[in-house]
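Here the structure is laid out as structure tokens; the discussion comes afterwards.
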Amino acid sequence: MSDISAQLDAFVGQTLVPTTWGPDEVNIPMIRHWAETMGDTNPVYLDDDAARATGRDGVVAPAQMLQVWIMRTFTDKMAGNDPSQVWTDLIATLDAAGYSSVVATDSDQEFFAELRPGDRVNYTEVIESISPEKKTGLGVGHFVTTLKTYRNGDDEVVGTQRWRTLRFKPREAKAPEAPRALRPRPALNGDNAFWFEAAKEHRLVIQRCTSCKTLRHPTGPMCGECQSLEWDTIDASGRGTVYSFVVNHHPKIDAFDYPLIVAVIELEEGTRLIANMVGIAPEDVVVDMPVELDWIDADPDLTLPAFRPAVREEH
């Protein structure tokens with residue numbers, strides 16, 4: 001076993017965050033804000049009568065809100081207080097060995113009991129596992145998995161969350177004469193392959209439920225409105241507006257040009273998707289600006305939609 005492997009193994013099982021109570025009880029105002037933001041209209045979250053009709057004692061909090069109840073306050077974060085010396089030491093160990101870059105890979109949640117207004121939530125977090133060194137498209141690195149366990153005031157486990165990140169060594173820049181790296185490949189499956197195939201034909205399609213005609217994106221096997229498994233697609237007009245955006249400067253990946261504008265585009269049809277902005281400087285992008293469809297033919301096997309400022313019609 002290498003020295004770095006032995007050092008990392010010593011962190012497995014250590015507690016990152018001891019039992020820590022959330023700053024507030026589960027409460028209706030926060031549930032209302034969350035449900036409105038997420039567009040979740042399930043009445044059991046805000047209507048006691050509707051909740052009782054399902055056999056519950058009253059309204060319950062959405063399960064996906066679990067992390068909300070233990071999040072640190074803005075003031076606490078801005079004070080620069082590091083909540084875990086173990087985490088600080090782990091990152092320092094990885095940095096010293098050259099694993100200085102990070103990317104989140106996935107989050108796996110399980111829910112065991114519903115929360116009601118007035119409940120208090122605490123959590124603990126431990127380092128569950130650190131993988132041996134793996135070779136990835138970003139570089140060699142270690143997958144670090146932490147486990148949060150959430151409990152209520154009766155010490156009942158109400159949920160868990162596994163959070164996995166990849167800590168990797170940035171690859172050295174290729175010599176100028178070397179061919180450019182390919183863009184990362186999408187994870188194709190039976191639910192999304194049709195969308196990428198349409199993109200190769202320069203067609204931006206939107207999945208549509210054939211039962212209730214609801215449009216949806218990202219693609220998926222079931223309609224979120226009526227739970228039908230039957231669907232088809234429509235061709236998008238290619239017109240939309242910038243809903244939000246970020247400008248990425250780091251970490252730099254060979255396949256992209258920086259600064260990289262990544263935007264959430266609200267299509268004319270009402271669905272949203274994430275795409276690059278092209279044909280515009282980062283400082284000129286604004287929320288709500290009209291955009292139109294363009295295409296990035298990254299390589300023979302990958303074509304992706306992009307958006308550029310819409311050409312204004314002259315009257």
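Residue numbers start at 1 in each chain; chains themselves are named A, B, ... in the order of the structure tokens; ligands are numbered from 1 in the order shown.
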Surrounding residues of Asp299 in chain A excluding itself and chain neighbours under 5 positions, 10 Å, only C-alpha atoms, as a list in words: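 Non-adjacent residues within range: Leu182, Arg183 and Leu304 of chain A.
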Filtered DSSP result for range 1-230 of chain A, state strand (DSSP E or B), as a ChimeraX atom specification: /A:15-21,101-111,122-130,134-135,140-151,157-168,205-209,215-216
Please, could you write that set of residues out with C-alpha atoms as an mmCIF file, in the first residue's frame?
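Dumped everything to again-v2.cif:
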data_model
loop_
_atom_site.group_PDB
_atom_site.id
_atom_site.type_symbol
_atom_site.label_atom_id
_atom_site.label_comp_id
_atom_site.auth_asym_id
_atom_site.auth_seq_id
_atom_site.Cartn_x
_atom_site.Cartn_y
_atom_site.Cartn_z
ATOM 1 C CA THR A 15 -16.662 11.949 11.957
ATOM 2 C CA LEU A 16 -16.810 15.092 9.875
ATOM 3 C CA VAL A 17 -19.716 16.675 11.720
ATOM 4 C CA PRO A 18 -20.828 15.480 15.161
ATOM 5 C CA THR A 19 -24.511 15.675 16.086
ATOM 6 C CA THR A 20 -25.556 19.155 14.994
ATOM 7 C CA TRP A 21 -29.053 20.578 15.211
ATOM 8 C CA SER A 101 -9.141 19.653 -8.238
ATOM 9 C CA VAL A 102 -12.662 18.605 -7.356
ATOM 10 C CA VAL A 103 -15.893 17.766 -9.134
ATOM 11 C CA ALA A 104 -19.136 16.541 -7.590
ATOM 12 C CA THR A 105 -20.284 13.242 -9.066
ATOM 13 C CA ASP A 106 -23.561 12.206 -7.423
ATOM 14 C CA SER A 107 -25.821 12.410 -4.381
ATOM 15 C CA ASP A 108 -27.875 9.435 -3.202
ATOM 16 C CA GLN A 109 -30.704 10.087 -0.728
ATOM 17 C CA GLU A 110 -33.016 7.746 1.184
ATOM 18 C CA PHE A 111 -36.077 8.867 3.175
ATOM 19 C CA ASN A 122 -30.120 17.037 13.578
ATOM 20 C CA TYR A 123 -27.502 15.279 11.514
ATOM 21 C CA THR A 124 -24.132 13.608 11.738
ATOM 22 C CA GLU A 125 -21.684 13.172 8.879
ATOM 23 C CA VAL A 126 -18.907 10.623 8.517
ATOM 24 C CA ILE A 127 -16.411 9.711 5.814
ATOM 25 C CA GLU A 128 -17.878 6.454 4.540
ATOM 26 C CA SER A 129 -15.275 5.522 1.944
ATOM 27 C CA ILE A 130 -12.322 6.750 -0.116
ATOM 28 C CA LYS A 134 -9.024 5.731 -10.306
ATOM 29 C CA LYS A 135 -8.300 6.867 -13.849
ATOM 30 C CA VAL A 140 -6.435 10.257 -11.873
ATOM 31 C CA GLY A 141 -8.085 10.723 -8.524
ATOM 32 C CA HIS A 142 -9.942 9.370 -5.526
ATOM 33 C CA PHE A 143 -13.707 9.252 -5.021
ATOM 34 C CA VAL A 144 -14.590 10.505 -1.531
ATOM 35 C CA THR A 145 -18.009 9.467 -0.188
ATOM 36 C CA THR A 146 -19.493 11.032 2.930
ATOM 37 C CA LEU A 147 -22.666 9.879 4.698
ATOM 38 C CA LYS A 148 -25.086 12.257 6.401
ATOM 39 C CA THR A 149 -27.603 10.685 8.788
ATOM 40 C CA TYR A 150 -30.628 12.813 9.689
ATOM 41 C CA ARG A 151 -32.635 12.283 12.895
ATOM 42 C CA VAL A 157 -33.494 8.215 11.563
ATOM 43 C CA VAL A 158 -35.585 10.116 9.024
ATOM 44 C CA GLY A 159 -33.160 10.013 6.096
ATOM 45 C CA THR A 160 -29.628 9.583 4.806
ATOM 46 C CA GLN A 161 -27.591 11.270 2.116
ATOM 47 C CA ARG A 162 -24.450 9.993 0.453
ATOM 48 C CA TRP A 163 -22.419 12.720 -1.243
ATOM 49 C CA ARG A 164 -19.612 11.689 -3.580
ATOM 50 C CA THR A 165 -16.889 13.912 -5.015
ATOM 51 C CA LEU A 166 -13.873 13.178 -7.180
ATOM 52 C CA ARG A 167 -10.618 14.722 -6.017
ATOM 53 C CA PHE A 168 -8.262 14.510 -8.985
ATOM 54 C CA VAL A 205 -36.741 18.086 -29.617
ATOM 55 C CA ILE A 206 -38.851 18.229 -26.465
ATOM 56 C CA GLN A 207 -40.353 15.117 -24.922
ATOM 57 C CA ARG A 208 -44.163 15.221 -24.688
ATOM 58 C CA CYS A 209 -46.606 13.070 -22.738
ATOM 59 C CA LEU A 215 -43.801 18.833 -22.169
ATOM 60 C CA ARG A 216 -40.804 17.796 -20.087
#
Counting only C-alpha atoms, figure out which residue out of A:Leu115, A:Ala236, A:Lys213, A:Thr88 gets nearest to Gln67 in chain A. A:Leu115
For the alpha helix (DSSP H) assignment from backbone DSSP, which residues of range 149-245 of chain A qualify? Please present them as a ChimeraX atom specification. /A:193-200
Using only C-alpha atoms, which of A:Val264, A:Cys226, A:Ala92, A:Ala310 sits nearest Arg239 in chain A?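 Smallest distance to Arg239 in chain A is found for A:Ala310.
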Taking 6 positions as the minimum chain separation for residues in the same chain, which residues sit within 10 Å of range 27-31 of chain A when counting only C-alpha atoms? Answer as a ChimeraX atom specification. /A:37,45-46,59-62,65,68-69,115-120
List as a list in words the protein and nucleic acid residues near range 290-298 of chain A, meaning an atom at most 9 Å away when only C-alpha atoms are counted, but skip any in the same chain fewer than 5 places from it. Leu182, Arg183, Ala199, Lys200, His202, Leu204, Ser237, Gly238, Arg239, Gly240, Thr241, Val242, Ala255, Ile265, Asn276, Met277, Val278, Thr303, Leu304, Pro305, Ala306, Phe307, Arg308, Pro309, Ala310 and Val311 of chain A
Any idea what the distance is between CA of Arg272 in chain A and CA of Tyr243 in chain A?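 Computing the Euclidean distance for CA of Arg272 in chain A and CA of Tyr243 in chain A yields 8.3 Å.
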Do a neighbour search on His250 in chain A at 12 Å with only C-alpha atoms, toss out local chain neighbours closer than 6 positions, and write the hits as a VMD selection string. chain A and resid 101 to 103 170 256 to 261
Work out how far apart CA of Leu8 in chain A and CA of Arg171 in chain A are and give it in Å to one decimal. 21.4 Å
Contact residues around Asp3 in chain A with only C-alpha atoms at 12 Å, ignoring same-chain residues under 4 positions, as a VMD selection string: chain A and resid 7 to 10 93 to 94 97
Those residues with all heavy atoms, as a PDB file, in the first residue's frame please?
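For reference, result26.pdb as written:
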ATOM      1  N   GLN A   7      -2.572   6.958   4.226  1.00  0.00           N
ATOM      2  CA  GLN A   7      -3.037   8.212   4.831  1.00  0.00           C
ATOM      3  C   GLN A   7      -4.535   8.404   4.612  1.00  0.00           C
ATOM      4  O   GLN A   7      -5.264   8.797   5.524  1.00  0.00           O
ATOM      5  CB  GLN A   7      -2.266   9.398   4.256  1.00  0.00           C
ATOM      6  CG  GLN A   7      -0.793   9.439   4.612  1.00  0.00           C
ATOM      7  CD  GLN A   7      -0.093  10.602   3.936  1.00  0.00           C
ATOM      8  OE1 GLN A   7      -0.480  11.754   4.096  1.00  0.00           O
ATOM      9  NE2 GLN A   7       0.933  10.296   3.163  1.00  0.00           N
ATOM     10  N   LEU A   8      -5.009   8.114   3.405  1.00  0.00           N
ATOM     11  CA  LEU A   8      -6.426   8.300   3.105  1.00  0.00           C
ATOM     12  C   LEU A   8      -7.286   7.282   3.842  1.00  0.00           C
ATOM     13  O   LEU A   8      -8.371   7.618   4.339  1.00  0.00           O
ATOM     14  CB  LEU A   8      -6.662   8.216   1.601  1.00  0.00           C
ATOM     15  CG  LEU A   8      -6.012   9.317   0.755  1.00  0.00           C
ATOM     16  CD1 LEU A   8      -6.290   9.083  -0.723  1.00  0.00           C
ATOM     17  CD2 LEU A   8      -6.492  10.703   1.178  1.00  0.00           C
ATOM     18  N   ASP A   9      -6.815   6.039   3.908  1.00  0.00           N
ATOM     19  CA  ASP A   9      -7.579   5.007   4.615  1.00  0.00           C
ATOM     20  C   ASP A   9      -7.792   5.380   6.078  1.00  0.00           C
ATOM     21  O   ASP A   9      -8.809   5.007   6.682  1.00  0.00           O
ATOM     22  CB  ASP A   9      -6.862   3.661   4.534  1.00  0.00           C
ATOM     23  CG  ASP A   9      -7.026   3.002   3.165  1.00  0.00           C
ATOM     24  OD1 ASP A   9      -7.881   3.475   2.391  1.00  0.00           O
ATOM     25  OD2 ASP A   9      -6.291   2.032   2.880  1.00  0.00           O
ATOM     26  N   ALA A  10      -6.852   6.122   6.653  1.00  0.00           N
ATOM     27  CA  ALA A  10      -6.967   6.504   8.057  1.00  0.00           C
ATOM     28  C   ALA A  10      -8.135   7.457   8.296  1.00  0.00           C
ATOM     29  O   ALA A  10      -8.620   7.586   9.427  1.00  0.00           O
ATOM     30  CB  ALA A  10      -5.662   7.150   8.526  1.00  0.00           C
ATOM     31  N   THR A  93      -4.358  16.808   2.872  1.00  0.00           N
ATOM     32  CA  THR A  93      -3.628  15.593   2.507  1.00  0.00           C
ATOM     33  C   THR A  93      -3.733  15.334   1.007  1.00  0.00           C
ATOM     34  O   THR A  93      -2.736  15.008   0.347  1.00  0.00           O
ATOM     35  CB  THR A  93      -4.186  14.384   3.286  1.00  0.00           C
ATOM     36  OG1 THR A  93      -4.050  14.624   4.697  1.00  0.00           O
ATOM     37  CG2 THR A  93      -3.447  13.110   2.918  1.00  0.00           C
ATOM     38  N   LEU A  94      -4.924  15.486   0.449  1.00  0.00           N
ATOM     39  CA  LEU A  94      -5.124  15.283  -0.982  1.00  0.00           C
ATOM     40  C   LEU A  94      -4.384  16.343  -1.796  1.00  0.00           C
ATOM     41  O   LEU A  94      -3.734  16.035  -2.799  1.00  0.00           O
ATOM     42  CB  LEU A  94      -6.618  15.312  -1.314  1.00  0.00           C
ATOM     43  CG  LEU A  94      -7.421  14.084  -0.837  1.00  0.00           C
ATOM     44  CD1 LEU A  94      -8.909  14.394  -0.827  1.00  0.00           C
ATOM     45  CD2 LEU A  94      -7.134  12.877  -1.723  1.00  0.00           C
ATOM     46  N   ALA A  97      -0.723  15.736  -2.117  1.00  0.00           N
ATOM     47  CA  ALA A  97      -0.385  14.633  -3.016  1.00  0.00           C
ATOM     48  C   ALA A  97      -0.714  14.961  -4.472  1.00  0.00           C
ATOM     49  O   ALA A  97      -0.541  14.111  -5.344  1.00  0.00           O
ATOM     50  CB  ALA A  97      -1.127  13.372  -2.592  1.00  0.00           C
TER      51      ALA A  97
END
Go through A:Thr219, A:Lys252, A:Gln14, A:Ala63 one by one, measure the shortest atom-to-atom distance of each to Asp40 in chain A using only C-alpha atoms, and give the residue with the smallest value.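 Between A:Thr219, A:Lys252, A:Gln14, A:Ala63, the residue approaching Asp40 in chain A most closely is A:Ala63.
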Rounded to one decimal place, report the CA of Glu201 in chain A-CA of Trp231 in chain A distance in Å.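 A separation of 20.4 Å between them.
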